[in-house]
>>> print(open('protein-v7.txt').read())   # compact mmCIF, C-alpha atoms
# COMPACT_ATOMS: atom_id res chain seq x y z
CA MET P 1 -16.40 -12.89 -23.80
CA ILE P 2 -14.68 -10.14 -21.79
CA HIS P 3 -10.99 -9.82 -20.89
CA LEU P 4 -10.00 -9.35 -17.26
CA HIS P 5 -6.69 -7.80 -16.15
CA TYR P 6 -5.30 -8.09 -12.62
CA PHE P 7 -2.79 -5.72 -11.03
CA ALA P 8 -0.52 -5.70 -7.98
CA GLY P 9 -1.56 -8.01 -5.15
CA LEU P 10 -4.62 -9.17 -7.06
CA LYS P 11 -2.36 -10.70 -9.68
CA ASP P 12 -0.75 -12.78 -6.93
CA ALA P 13 -4.11 -13.74 -5.44
CA ALA P 14 -5.49 -14.80 -8.81
CA GLY P 15 -2.27 -16.53 -9.81
CA LYS P 16 -2.48 -14.90 -13.26
CA ALA P 17 -2.30 -11.48 -14.86
CA GLU P 18 -5.34 -11.90 -17.11
CA GLU P 19 -8.10 -14.25 -18.14
CA SER P 20 -11.19 -14.29 -20.32
CA LEU P 21 -14.73 -14.71 -19.11
CA PRO P 22 -17.87 -15.68 -21.08
CA TRP P 23 -20.11 -12.60 -21.01
CA GLU P 24 -23.33 -11.38 -22.56
CA ASP P 25 -24.56 -8.44 -20.57
CA GLY P 26 -24.04 -6.69 -17.21
CA THR P 27 -22.31 -3.88 -15.33
CA ALA P 28 -18.89 -3.27 -13.80
CA ALA P 29 -20.46 -4.21 -10.45
CA ASP P 30 -21.44 -7.61 -11.88
CA VAL P 31 -17.87 -8.26 -13.04
CA LEU P 32 -16.60 -7.23 -9.62
CA GLN P 33 -19.05 -9.64 -7.96
CA TRP P 34 -17.77 -12.45 -10.17
CA ALA P 35 -14.17 -11.66 -9.18
CA LYS P 36 -15.04 -11.51 -5.47
CA THR P 37 -16.65 -14.93 -5.69
CA SER P 38 -13.75 -16.37 -7.70
CA TYR P 39 -10.99 -14.98 -5.47
CA PRO P 40 -12.52 -14.81 -1.99
CA ALA P 41 -9.14 -14.42 -0.28
CA PHE P 42 -8.57 -10.97 -1.85
CA ASP P 43 -9.93 -7.79 -0.27
CA PHE P 44 -11.81 -5.99 -3.04
CA SER P 45 -13.23 -3.25 -0.80
CA ALA P 46 -11.31 -0.32 -2.32
CA VAL P 47 -10.45 -1.78 -5.72
CA GLN P 48 -11.00 0.54 -8.68
CA ILE P 49 -12.42 -0.71 -11.97
CA ALA P 50 -11.24 0.40 -15.39
CA VAL P 51 -13.04 -0.56 -18.59
CA ASN P 52 -11.04 -0.14 -21.80
CA GLU P 53 -8.39 1.92 -20.00
CA GLU P 54 -10.85 4.31 -18.41
CA TYR P 55 -11.91 4.43 -14.75
CA VAL P 56 -15.66 3.88 -14.57
CA PRO P 57 -18.38 3.91 -11.93
CA ARG P 58 -19.75 0.55 -10.81
CA THR P 59 -22.93 1.15 -12.82
CA GLU P 60 -21.03 1.21 -16.11
CA PRO P 61 -22.32 -1.33 -18.69
CA VAL P 62 -19.77 -3.96 -19.71
CA LYS P 63 -20.11 -5.45 -23.18
CA PRO P 64 -18.53 -8.46 -24.89
CA GLY P 65 -15.02 -7.60 -26.10
CA ASP P 66 -14.40 -5.10 -23.29
CA HIS P 67 -11.19 -5.11 -21.27
CA VAL P 68 -11.85 -4.83 -17.54
CA ALA P 69 -8.99 -4.09 -15.14
CA PHE P 70 -9.04 -4.21 -11.35
CA ILE P 71 -6.60 -1.82 -9.68
CA PRO P 72 -6.09 -2.23 -5.92
CA PRO P 73 -5.25 0.83 -3.78
CA VAL P 74 -1.59 1.50 -3.00
CA SER P 75 -0.70 3.51 0.07
CA GLY P 76 3.04 3.09 0.73
CA GLY P 77 5.56 5.76 0.17
CA MET S 1 26.38 29.27 -11.88
CA THR S 2 24.95 30.34 -15.23
CA ASP S 3 25.64 26.86 -16.65
CA ARG S 4 24.00 25.11 -13.80
CA TYR S 5 20.63 24.62 -15.49
CA SER S 6 21.91 24.65 -19.09
CA ARG S 7 20.81 21.11 -19.97
CA GLN S 8 17.37 21.70 -18.55
CA VAL S 9 17.01 25.04 -20.35
CA LEU S 10 18.07 23.30 -23.55
CA PHE S 11 15.13 20.93 -23.18
CA PRO S 12 12.35 22.54 -25.26
CA GLY S 13 9.60 21.63 -22.80
CA ILE S 14 11.16 23.93 -20.20
CA GLY S 15 13.41 26.44 -21.95
CA ARG S 16 14.57 29.75 -20.53
CA SER S 17 11.07 30.93 -19.62
CA GLY S 18 10.26 27.66 -17.85
CA GLN S 19 13.45 27.89 -15.82
CA VAL S 20 12.67 31.47 -14.80
CA ALA S 21 9.16 30.41 -13.79
CA LEU S 22 10.47 27.46 -11.79
CA GLN S 23 12.76 29.68 -9.73
CA LYS S 24 9.73 31.68 -8.55
CA LYS S 25 7.72 28.67 -7.36
CA ASN S 26 7.11 27.26 -3.89
CA VAL S 27 6.55 23.56 -3.37
CA LEU S 28 5.37 21.74 -0.26
CA ILE S 29 6.59 18.16 0.12
CA ILE S 30 4.65 16.21 2.70
CA GLY S 31 6.65 13.28 4.01
CA ALA S 32 10.42 12.89 3.69
CA GLY S 33 10.51 9.11 3.41
CA ALA S 34 11.29 7.30 0.19
CA LEU S 35 8.99 9.25 -2.14
CA GLY S 36 9.46 12.58 -0.38
CA ALA S 37 13.26 12.31 -0.46
CA ALA S 38 13.37 11.24 -4.11
CA ASN S 39 11.00 14.02 -5.20
CA ALA S 40 12.83 16.58 -3.09
CA GLU S 41 16.22 15.79 -4.60
CA MET S 42 14.94 16.13 -8.17
CA ILE S 43 12.95 19.30 -7.57
CA VAL S 44 15.84 20.97 -5.70
CA ARG S 45 18.37 20.03 -8.37
CA ALA S 46 15.96 21.42 -10.98
CA GLY S 47 16.17 24.85 -9.34
CA ILE S 48 12.81 25.40 -7.69
CA GLY S 49 12.58 28.67 -5.74
CA ARG S 50 11.57 27.33 -2.36
CA VAL S 51 10.82 23.92 -0.82
CA THR S 52 8.99 23.31 2.42
CA ILE S 53 9.45 19.78 3.68
CA VAL S 54 7.65 18.23 6.62
CA ASP S 55 8.04 14.81 8.21
CA ARG S 56 7.29 13.27 11.58
CA ASP S 57 9.88 10.48 11.58
CA TYR S 58 13.60 10.07 12.20
CA VAL S 59 16.15 8.22 10.05
CA ASP S 60 16.45 4.50 10.72
CA PHE S 61 18.87 1.97 9.19
CA SER S 62 15.95 0.22 7.47
CA ASN S 63 15.38 3.45 5.47
CA LEU S 64 18.84 3.57 3.87
CA GLN S 65 18.11 0.93 1.21
CA ARG S 66 15.78 3.34 -0.63
CA GLN S 67 15.64 6.83 0.95
CA ASN S 68 18.23 8.62 -1.14
CA LEU S 69 18.95 11.70 0.99
CA TYR S 70 20.12 9.89 4.13
CA THR S 71 23.38 8.45 5.40
CA GLU S 72 24.49 5.93 8.02
CA GLN S 73 25.44 8.83 10.25
CA ASP S 74 21.88 10.18 10.07
CA ALA S 75 20.63 6.78 11.23
CA ILE S 76 23.22 6.56 14.02
CA ASP S 77 22.22 10.06 15.19
CA ARG S 78 18.50 9.35 14.69
CA MET S 79 18.24 12.65 12.88
CA PRO S 80 14.71 13.79 12.12
CA LYS S 81 14.19 13.18 8.41
CA ALA S 82 13.10 16.74 7.67
CA GLU S 83 16.32 18.11 9.21
CA ALA S 84 18.57 15.52 7.55
CA ALA S 85 16.84 16.28 4.24
CA ARG S 86 17.28 20.02 4.64
CA LYS S 87 20.99 19.61 5.32
CA ARG S 88 21.57 17.35 2.31
CA LEU S 89 19.37 19.42 -0.04
CA THR S 90 21.13 22.63 0.94
CA ALA S 91 24.47 20.98 0.14
CA ILE S 92 23.06 19.97 -3.28
CA ASN S 93 21.69 23.38 -4.23
CA SER S 94 22.28 26.34 -1.96
CA ASN S 95 20.20 28.62 -4.22
CA VAL S 96 17.00 26.93 -3.08
CA ILE S 97 15.36 28.13 0.12
CA ILE S 98 14.50 25.06 2.16
CA SER S 99 12.29 25.02 5.24
CA ALA S 100 12.08 21.86 7.34
CA PHE S 101 9.41 20.95 9.90
CA THR S 102 9.63 17.92 12.19
CA GLN S 103 6.04 17.31 13.07
CA ASP S 104 2.85 15.51 12.24
CA VAL S 105 0.84 17.06 9.43
CA ASP S 106 -2.69 18.10 10.27
CA THR S 107 -5.29 20.45 8.84
CA ALA S 108 -4.17 23.50 10.83
CA PHE S 109 -0.55 23.06 9.80
CA LEU S 110 -1.44 22.59 6.13
CA GLU S 111 -3.72 25.61 5.98
CA HIS S 112 -1.11 27.76 7.70
CA ILE S 113 1.75 26.70 5.42
CA ILE S 114 -0.26 26.98 2.21
CA ILE S 115 -1.24 30.56 3.01
CA GLU S 116 2.02 31.71 4.62
CA GLU S 117 4.37 30.17 2.08
CA LYS S 118 2.11 30.82 -0.91
CA ILE S 119 2.42 27.18 -1.96
CA ASP S 120 2.07 26.55 -5.71
CA LEU S 121 2.03 22.75 -5.57
CA ILE S 122 1.92 19.91 -3.04
CA ILE S 123 3.90 16.71 -3.59
CA ASP S 124 2.62 13.65 -1.76
CA GLY S 125 5.41 11.77 -0.04
CA THR S 126 3.15 10.20 2.58
CA ASP S 127 2.47 6.55 3.27
CA ASN S 128 -1.19 6.44 4.29
CA PHE S 129 -4.65 7.41 3.08
CA ASP S 130 -5.62 9.19 6.32
CA ILE S 131 -3.35 12.10 5.50
CA ARG S 132 -3.88 11.92 1.74
CA PHE S 133 -7.61 12.60 2.17
CA VAL S 134 -6.75 15.62 4.35
CA ILE S 135 -4.28 16.86 1.72
CA ASN S 136 -6.93 16.30 -0.96
CA ASP S 137 -9.48 18.45 0.91
CA VAL S 138 -7.02 21.23 1.70
CA ALA S 139 -5.86 21.27 -1.92
CA GLN S 140 -9.45 21.70 -3.09
CA LYS S 141 -10.23 24.36 -0.50
CA TYR S 142 -7.23 26.52 -1.45
CA HIS S 143 -7.10 25.57 -5.15
CA VAL S 144 -3.58 24.16 -4.94
CA PRO S 145 -2.78 21.20 -7.21
CA TRP S 146 -1.19 18.09 -5.69
CA VAL S 147 0.56 15.01 -7.03
CA TYR S 148 -0.57 11.73 -5.51
CA GLY S 149 2.09 9.05 -5.46
CA ALA S 150 2.29 5.66 -3.78
CA CYS S 151 4.50 2.61 -4.13
CA VAL S 152 4.85 -0.85 -2.66
CA ALA S 153 6.86 -3.97 -3.52
CA SER S 154 7.93 -3.49 -7.16
CA GLY S 155 5.11 -1.20 -8.27
CA GLY S 156 3.52 2.17 -7.82
CA LEU S 157 1.07 4.70 -9.19
CA SER S 158 0.60 8.42 -9.49
CA MET S 159 -2.04 10.97 -10.41
CA PHE S 160 -1.99 14.76 -10.77
CA VAL S 161 -4.97 16.39 -9.07
CA LEU S 162 -5.87 19.82 -10.44
CA PRO S 163 -8.74 21.44 -8.50
CA GLY S 164 -11.61 22.51 -10.72
CA LYS S 165 -10.46 20.33 -13.57
CA THR S 166 -9.52 16.74 -12.76
CA PRO S 167 -11.32 14.34 -10.44
CA CYS S 168 -9.98 14.38 -6.88
CA LEU S 169 -8.93 11.46 -4.70
CA HIS S 170 -12.37 11.42 -3.11
CA CYS S 171 -14.02 11.11 -6.55
CA LEU S 172 -11.96 8.00 -7.20
CA MET S 173 -12.47 6.44 -3.80
CA ASP S 174 -15.90 6.80 -2.23
CA THR S 175 -14.55 5.46 1.02
CA MET S 176 -11.07 5.51 2.40
CA PRO S 177 -9.36 2.17 1.82
CA GLY S 178 -8.79 0.30 5.05
CA ALA S 179 -5.64 -1.71 4.62
CA GLY S 180 -4.06 -1.54 1.19
CA ALA S 181 -0.78 -3.27 0.53
CA THR S 182 1.97 -1.51 2.50
CA CYS S 183 5.74 -1.80 2.64
CA ASP S 184 5.18 -3.41 6.06
CA THR S 185 3.58 -6.44 4.52
CA ALA S 186 4.91 -6.54 0.98
CA GLY S 187 8.33 -4.88 1.20
CA ILE S 188 9.65 -2.45 -1.40
CA ILE S 189 12.53 -2.13 -3.84
CA SER S 190 14.24 1.15 -4.61
CA PRO S 191 13.41 1.22 -8.37
CA ALA S 192 9.69 1.29 -7.51
CA VAL S 193 10.34 4.38 -5.38
CA GLN S 194 12.44 6.16 -7.98
CA MET S 195 10.00 5.42 -10.79
CA THR S 196 6.98 6.65 -8.82
CA ALA S 197 8.85 9.78 -7.73
CA SER S 198 10.00 10.42 -11.30
CA ILE S 199 6.41 10.35 -12.54
CA GLN S 200 5.42 12.74 -9.75
CA THR S 201 8.28 15.15 -10.37
CA ALA S 202 7.69 15.14 -14.13
CA GLU S 203 4.09 16.25 -13.62
CA ALA S 204 5.26 18.79 -11.03
CA LEU S 205 7.76 20.29 -13.49
CA LYS S 206 5.10 20.51 -16.21
CA TRP S 207 2.76 22.40 -13.92
CA LEU S 208 5.40 24.67 -12.39
CA THR S 209 6.89 25.67 -15.75
CA GLY S 210 3.50 26.31 -17.33
CA SER S 211 3.40 23.29 -19.65
CA THR S 212 -0.15 22.47 -18.65
CA ASP S 213 -0.94 20.93 -22.04
CA ALA S 214 1.67 18.26 -21.33
CA LEU S 215 0.00 17.07 -18.09
CA ARG S 216 -0.83 13.38 -18.35
CA GLY S 217 -4.42 13.36 -17.12
CA THR S 218 -4.40 9.66 -16.27
CA ILE S 219 -3.50 7.40 -13.39
CA PHE S 220 -0.23 5.81 -14.35
CA SER S 221 0.53 2.53 -12.62
CA PHE S 222 3.30 0.03 -13.10
CA ASP S 223 4.97 -3.06 -11.75
CA LEU S 224 8.66 -3.35 -12.60
CA TRP S 225 8.91 -7.00 -11.56
CA LYS S 226 5.73 -8.23 -13.25
CA ASN S 227 6.40 -5.98 -16.26
CA GLN S 228 2.97 -4.32 -16.23
CA PHE S 229 2.34 -0.71 -17.19
CA SER S 230 -1.02 0.99 -17.48
CA SER S 231 -2.33 4.47 -18.04
CA VAL S 232 -5.99 4.79 -17.16
CA ASP S 233 -8.15 7.78 -18.05
CA VAL S 234 -9.90 9.16 -14.95
CA GLN S 235 -11.78 12.17 -16.28
CA ARG S 236 -15.23 10.54 -16.20
CA MET S 237 -14.81 9.81 -12.49
CA LYS S 238 -15.16 13.51 -11.58
CA LYS S 239 -18.33 13.70 -9.51
CA PRO S 240 -20.43 16.89 -9.45
CA ASP S 241 -21.70 15.92 -5.97
CA CYS S 242 -18.27 15.01 -4.56
CA PRO S 243 -18.10 16.27 -0.93
CA SER S 244 -14.48 17.36 -1.51
CA CYS S 245 -14.48 18.91 -4.99
CA GLY S 246 -18.13 19.03 -6.12
CA VAL S 247 -20.52 21.93 -6.55
CA HIS S 248 -21.13 22.23 -2.80
CA PRO S 249 -17.96 21.05 -1.10
CA ILE S 250 -17.88 20.45 2.65
CA TYR S 251 -14.25 19.19 2.85
CA PRO S 252 -15.22 16.36 5.21
CA PHE S 253 -11.65 15.33 6.06
CA LEU S 254 -10.76 18.75 7.48
CA SER S 255 -13.01 18.26 10.49
CA TYR S 256 -10.67 15.83 12.17
CA GLU S 257 -11.83 14.49 15.52
CA HIS S 258 -9.76 15.55 18.51
CA THR S 259 -8.68 12.29 20.07
CA THR S 260 -5.34 10.67 20.73
CA LYS S 261 -4.38 8.87 17.56
CA PHE S 262 -2.48 5.66 17.20
CA ALA S 263 -0.99 4.80 13.82
CA VAL S 264 1.25 1.96 12.68
CA LEU S 265 4.28 3.36 10.86
CA CYS S 266 5.12 1.89 7.49
CA GLY S 267 8.19 -0.29 7.41
CA ARG S 268 8.79 -1.24 11.02
CA ASP S 269 7.22 -2.61 14.18
CA THR S 270 6.46 0.87 15.45
CA VAL S 271 3.30 2.70 16.48
CA GLN S 272 3.03 6.49 16.58
CA ILE S 273 0.88 8.09 19.26
CA ARG S 274 -0.27 11.66 18.88
CA PRO S 275 -1.83 12.77 22.16
CA ALA S 276 -4.86 15.05 22.01
CA GLY S 277 -4.08 18.64 22.91
CA VAL S 278 -0.37 18.05 23.58
CA THR S 279 1.82 20.08 21.22
CA LYS S 280 4.95 20.42 23.35
CA ARG S 281 6.84 18.04 25.60
CA ASN S 282 9.65 18.96 27.96
CA LEU S 283 12.21 16.27 27.16
CA ASP S 284 14.51 17.13 30.06
CA GLU S 285 11.69 16.66 32.53
CA LEU S 286 10.75 13.41 30.86
CA ALA S 287 14.35 12.14 30.99
CA ASP S 288 14.43 12.94 34.68
CA HIS S 289 11.15 11.17 35.21
CA ILE S 290 11.94 7.88 33.47
CA LYS S 291 15.66 7.47 34.18
CA HIS S 292 15.05 5.07 37.06
CA THR S 293 12.77 2.71 35.18
CA ALA S 294 14.30 2.72 31.69
CA SER S 295 17.68 3.28 30.05
CA ILE S 296 18.04 6.43 27.93
CA THR S 297 19.67 5.71 24.56
CA HIS S 298 19.43 9.02 22.68
CA GLN S 299 18.72 12.65 23.41
CA ASN S 300 19.46 15.26 20.76
CA GLY S 301 17.28 18.31 21.30
CA PHE S 302 14.53 17.03 19.01
CA LEU S 303 13.76 13.73 20.70
CA LEU S 304 14.41 11.46 23.63
CA SER S 305 14.71 7.68 23.19
CA PHE S 306 14.70 5.16 25.99
CA GLN S 307 14.50 1.40 26.31
CA GLN S 308 12.66 -0.99 28.51
CA GLU S 309 13.01 -4.43 26.97
CA PRO S 310 11.57 -5.39 24.59
CA TYR S 311 10.40 -1.85 23.76
CA THR S 312 12.09 1.31 22.56
CA VAL S 313 10.14 4.49 23.25
CA THR S 314 10.92 7.77 21.51
CA ALA S 315 9.32 11.03 22.64
CA PHE S 316 9.44 14.10 20.36
CA GLY S 317 9.44 17.73 21.39
CA ASP S 318 6.06 18.25 19.69
CA GLY S 319 4.34 15.76 21.99
CA ARG S 320 4.33 12.66 19.81
CA VAL S 321 5.62 9.29 20.94
CA PHE S 322 6.90 6.30 18.96
CA ILE S 323 6.79 2.85 20.47
CA GLN S 324 9.00 0.32 18.75
CA GLY S 325 8.90 -3.42 19.31
CA VAL S 326 5.13 -3.77 19.41
CA SER S 327 3.05 -6.06 17.26
CA SER S 328 -0.26 -4.22 17.56
CA ILE S 329 -1.81 -0.88 18.36
CA GLU S 330 -3.35 -2.45 21.44
CA GLU S 331 0.06 -3.44 22.75
CA SER S 332 1.39 0.05 21.99
CA LYS S 333 -1.41 1.60 24.03
CA LYS S 334 -0.41 -0.44 27.07
CA VAL S 335 3.22 0.64 26.76
CA TYR S 336 2.27 4.25 26.12
CA TYR S 337 -0.05 4.53 29.06
CA HIS S 338 2.54 2.80 31.24
CA PHE S 339 5.02 5.63 30.69
CA PHE S 340 2.88 8.67 29.97
CA GLN S 341 -0.22 8.50 32.18
>>> encode(input="protein-v7.txt", output="structure tokens")
Amino acid sequence: MIHLHYFAGLKDAAGKAEESLPWEDGTAADVLQWAKTSYPAFDFSAVQIAVNEEYVPRTEPVKPGDHVAFIPPVSGG
Amino acid sequence: MTDRYSRQVLFPGIGRSGQVALQKKNVLIIGAGALGAANAEMIVRAGIGRVTIVDRDYVDFSNLQRQNLYTEQDAIDRMPKAEAARKRLTAINSNVIISAFTQDVDTAFLEHIIIEEKIDLIIDGTDNFDIRFVINDVAQKYHVPWVYGACVASGGLSMFVLPGKTPCLHCLMDTMPGAGATCDTAGIISPAVQMTASIQTAEALKWLTGSTDALRGTIFSFDLWKNQFSSVDVQRMKKPDCPSCGVHPIYPFLSYEHTTKFAVLCGRDTVQIRPAGVTKRNLDELADHIKHTASITHQNGFLLSFQQEPYTVTAFGDGRVFIQGVSSIEESKKVYYHFFQ
């Protein structure tokens, strides 16, 4: 099991701030792919991934118990 | 006058030496919209030595809900934001030297200002990634730190970029985001602006007063309506082969193609056009030229506005044009080329 956290517009698209996902093995890219498939209406193209409160590259291994957060870009000002 | 900064000097993080240091520093604030205005007010009240503020826009009534330096009169007069900001900031703290530029920011302008004004820090008050990637490259090239800040709806985020030490914006984003959420589509509330600006100014004060150990070193993001706060470590994202800050930098965003650029402005149905190779426009000649086909609504030495229903066109002295009342860049091109070609 891993714990997913959604921020900003992604929270609206998912309709929830967090959820848990059965998980054995994979990378940040695999988690991202799962999210893209689950929430096809959201544009994930520039979303950043944080694992356990640390930004990581897409190749980062994700293990059971990890917290994975998706942080969409913000441009306004 | 001696008591002016007493409460700030009393704060141990700054103290007398921090205050003295602050008064010798030069800050460049790019953009005088919501974030730029909020940052500018705090940094000027704090007693910075010199502020250079640059913005391409003029004050509109839709700005007044959150852009804390401007008044109804500024909106009525369509004052350029940089000028309105300079006037208000000078009234707040006349000890600070404030320079205002009403123009689009590009590579040449940034390089010139950073060298001429000996800029110690850049504060991001912009509203798009196009210019942030240019700022990021210039900051790396001249080893000037910058504070990224962005906000939309009820949230925002910020990161302090220190060349040679932290990852840069390009490390975090391999490619420039296309359309992120903007205040055009999602709106914005003032607390999101003030909170984002406060995080930016806090990091700015740490750097400028020499409290480098206190720098946060994370991306801080929040949502005041959804009650979410996160602080994410970014250090591992620094890429040795980053084209902007890596071992062999090429600063890719400084080689900006020379074409006329159309950009949707955040917060209203307006498109900005920056013509290639045009840096000056004679507004009197233009007024003479269009007075038979459109009605002139404003002319104040900086800009000329005229209407032809359903559009309002504003031409600036530096060559730029705003077209208001359009729903797409395509539509704006038609209107632009109708009047200017």
>>> residues_around(input="protein-v7.txt", residues="Val47 in chain P", least_positions_apart="6", cutoff="8 Å", atoms="only C-alpha atoms", output="list of chain:residue names")
P:Phe70, P:Ile71, P:Pro72, P:Pro73
>>> interface_residues(input="protein-v7.txt", of="chain P", to="chain S", cutoff="8 Å", atoms="all atoms listed in the file", output="ChimeraX atom specification")
/P:7-9,45-46,48,50,53-57,72-77
>>> closest_residue(input="protein-v7.txt", among="S:Asp137, S:Asp213, S:Asp269, S:Asp57", to="Phe316 in chain S", atoms="only C-alpha atoms")
S:Asp57
>>> atom_distance(input="protein-v7.txt", atom1="CA of Pro80 in chain S", atom2="CA of Leu303 in chain S")
8.6 Å
>>> residues_around(input="protein-v7.txt", residues="Lys81 in chain S", least_positions_apart="5", cutoff="12 Å", atoms="all atoms listed in the file", output="CSV table (one decimal) with C-alpha atoms, in the coordinates of the input")
chain,number,residue,atom,x,y,z
S,30,ILE,CA,4.6,16.2,2.7
S,31,GLY,CA,6.6,13.3,4.0
S,32,ALA,CA,10.4,12.9,3.7
S,33,GLY,CA,10.5,9.1,3.4
S,34,ALA,CA,11.3,7.3,0.2
S,36,GLY,CA,9.5,12.6,-0.4
S,37,ALA,CA,13.3,12.3,-0.5
S,53,ILE,CA,9.4,19.8,3.7
S,54,VAL,CA,7.6,18.2,6.6
S,55,ASP,CA,8.0,14.8,8.2
S,56,ARG,CA,7.3,13.3,11.6
S,57,ASP,CA,9.9,10.5,11.6
S,58,TYR,CA,13.6,10.1,12.2
S,59,VAL,CA,16.2,8.2,10.0
S,60,ASP,CA,16.4,4.5,10.7
S,63,ASN,CA,15.4,3.4,5.5
S,64,LEU,CA,18.8,3.6,3.9
S,67,GLN,CA,15.6,6.8,1.0
S,68,ASN,CA,18.2,8.6,-1.1
S,69,LEU,CA,19.0,11.7,1.0
S,70,TYR,CA,20.1,9.9,4.1
S,71,THR,CA,23.4,8.4,5.4
S,74,ASP,CA,21.9,10.2,10.1
S,75,ALA,CA,20.6,6.8,11.2
S,86,ARG,CA,17.3,20.0,4.6
S,87,LYS,CA,21.0,19.6,5.3
S,88,ARG,CA,21.6,17.4,2.3
S,89,LEU,CA,19.4,19.4,0.0
S,100,ALA,CA,12.1,21.9,7.3
S,101,PHE,CA,9.4,21.0,9.9
S,102,THR,CA,9.6,17.9,12.2
S,103,GLN,CA,6.0,17.3,13.1
S,302,PHE,CA,14.5,17.0,19.0
>>> closest_residue(input="protein-v7.txt", among="P:Ile2, P:Phe44, P:His67, P:Val51", to="Pro22 in chain P", atoms="all atoms listed in the file")
P:Ile2
>>> atom_distance(input="protein-v7.txt", atom1="CA of Ala46 in chain S", atom2="CA of Trp146 in chain S")
18.3 Å
>>> residues_around(input="protein-v7.txt", residues="Ala287 in chain S", least_positions_apart="6", cutoff="10 Å", atoms="all atoms listed in the file", output="PyMOL selection string")
chain S and resi 294-296+299+304-306+315
>>> atom_distance(input="protein-v7.txt", atom1="CA of Phe42 in chain P", atom2="CA of Ala14 in chain P")
8.5 Å
>>> closest_residue(input="protein-v7.txt", among="P:Lys16, P:Arg58, P:Lys63, P:His5", to="Ala28 in chain P", atoms="all atoms listed in the file")
P:Arg58
>>> residues_around(input="protein-v7.txt", residues="range 247-253 of chain S", least_positions_apart="3", cutoff="7 Å", atoms="all atoms listed in the file", output="MDAnalysis selection string")
chainID S and resid 133:134 137 240:244 256
>>> closest_residue(input="protein-v7.txt", among="S:His143, S:Lys206, S:His298, S:Lys261", to="Gly18 in chain S", atoms="all atoms listed in the file")
S:Lys206
>>> decode(input="protein-v7.txt", residues="range 64-90 of chain S", atoms="C-alpha atoms", output="PDB file, in the first residue's frame")
ATOM      1  CA  LEU S  64      -7.839  46.574  -6.874  1.00  0.00           C
ATOM      2  CA  GLN S  65      -9.235  43.555  -5.006  1.00  0.00           C
ATOM      3  CA  ARG S  66      -5.708  42.237  -4.370  1.00  0.00           C
ATOM      4  CA  GLN S  67      -2.948  44.575  -5.646  1.00  0.00           C
ATOM      5  CA  ASN S  68      -2.195  46.513  -2.492  1.00  0.00           C
ATOM      6  CA  LEU S  69      -0.314  49.530  -3.875  1.00  0.00           C
ATOM      7  CA  TYR S  70      -3.047  50.838  -6.173  1.00  0.00           C
ATOM      8  CA  THR S  71      -6.063  53.091  -5.823  1.00  0.00           C
ATOM      9  CA  GLU S  72      -9.280  53.773  -7.732  1.00  0.00           C
ATOM     10  CA  GLN S  73      -7.674  56.922  -9.097  1.00  0.00           C
ATOM     11  CA  ASP S  74      -4.815  54.857 -10.557  1.00  0.00           C
ATOM     12  CA  ALA S  75      -7.393  52.702 -12.337  1.00  0.00           C
ATOM     13  CA  ILE S  76      -9.355  55.730 -13.583  1.00  0.00           C
ATOM     14  CA  ASP S  77      -6.106  57.255 -14.907  1.00  0.00           C
ATOM     15  CA  ARG S  78      -4.885  53.896 -16.259  1.00  0.00           C
ATOM     16  CA  MET S  79      -1.554  54.601 -14.619  1.00  0.00           C
ATOM     17  CA  PRO S  80       1.230  52.209 -15.567  1.00  0.00           C
ATOM     18  CA  LYS S  81       1.691  49.912 -12.581  1.00  0.00           C
ATOM     19  CA  ALA S  82       5.418  50.579 -12.261  1.00  0.00           C
ATOM     20  CA  GLU S  83       4.780  54.343 -12.030  1.00  0.00           C
ATOM     21  CA  ALA S  84       1.839  54.004  -9.628  1.00  0.00           C
ATOM     22  CA  ALA S  85       3.962  51.663  -7.502  1.00  0.00           C
ATOM     23  CA  ARG S  86       6.899  54.064  -7.450  1.00  0.00           C
ATOM     24  CA  LYS S  87       4.675  56.922  -6.317  1.00  0.00           C
ATOM     25  CA  ARG S  88       3.066  54.910  -3.513  1.00  0.00           C
ATOM     26  CA  LEU S  89       6.350  53.305  -2.387  1.00  0.00           C
ATOM     27  CA  THR S  90       8.092  56.669  -2.253  1.00  0.00           C
TER      28      THR S  90
END
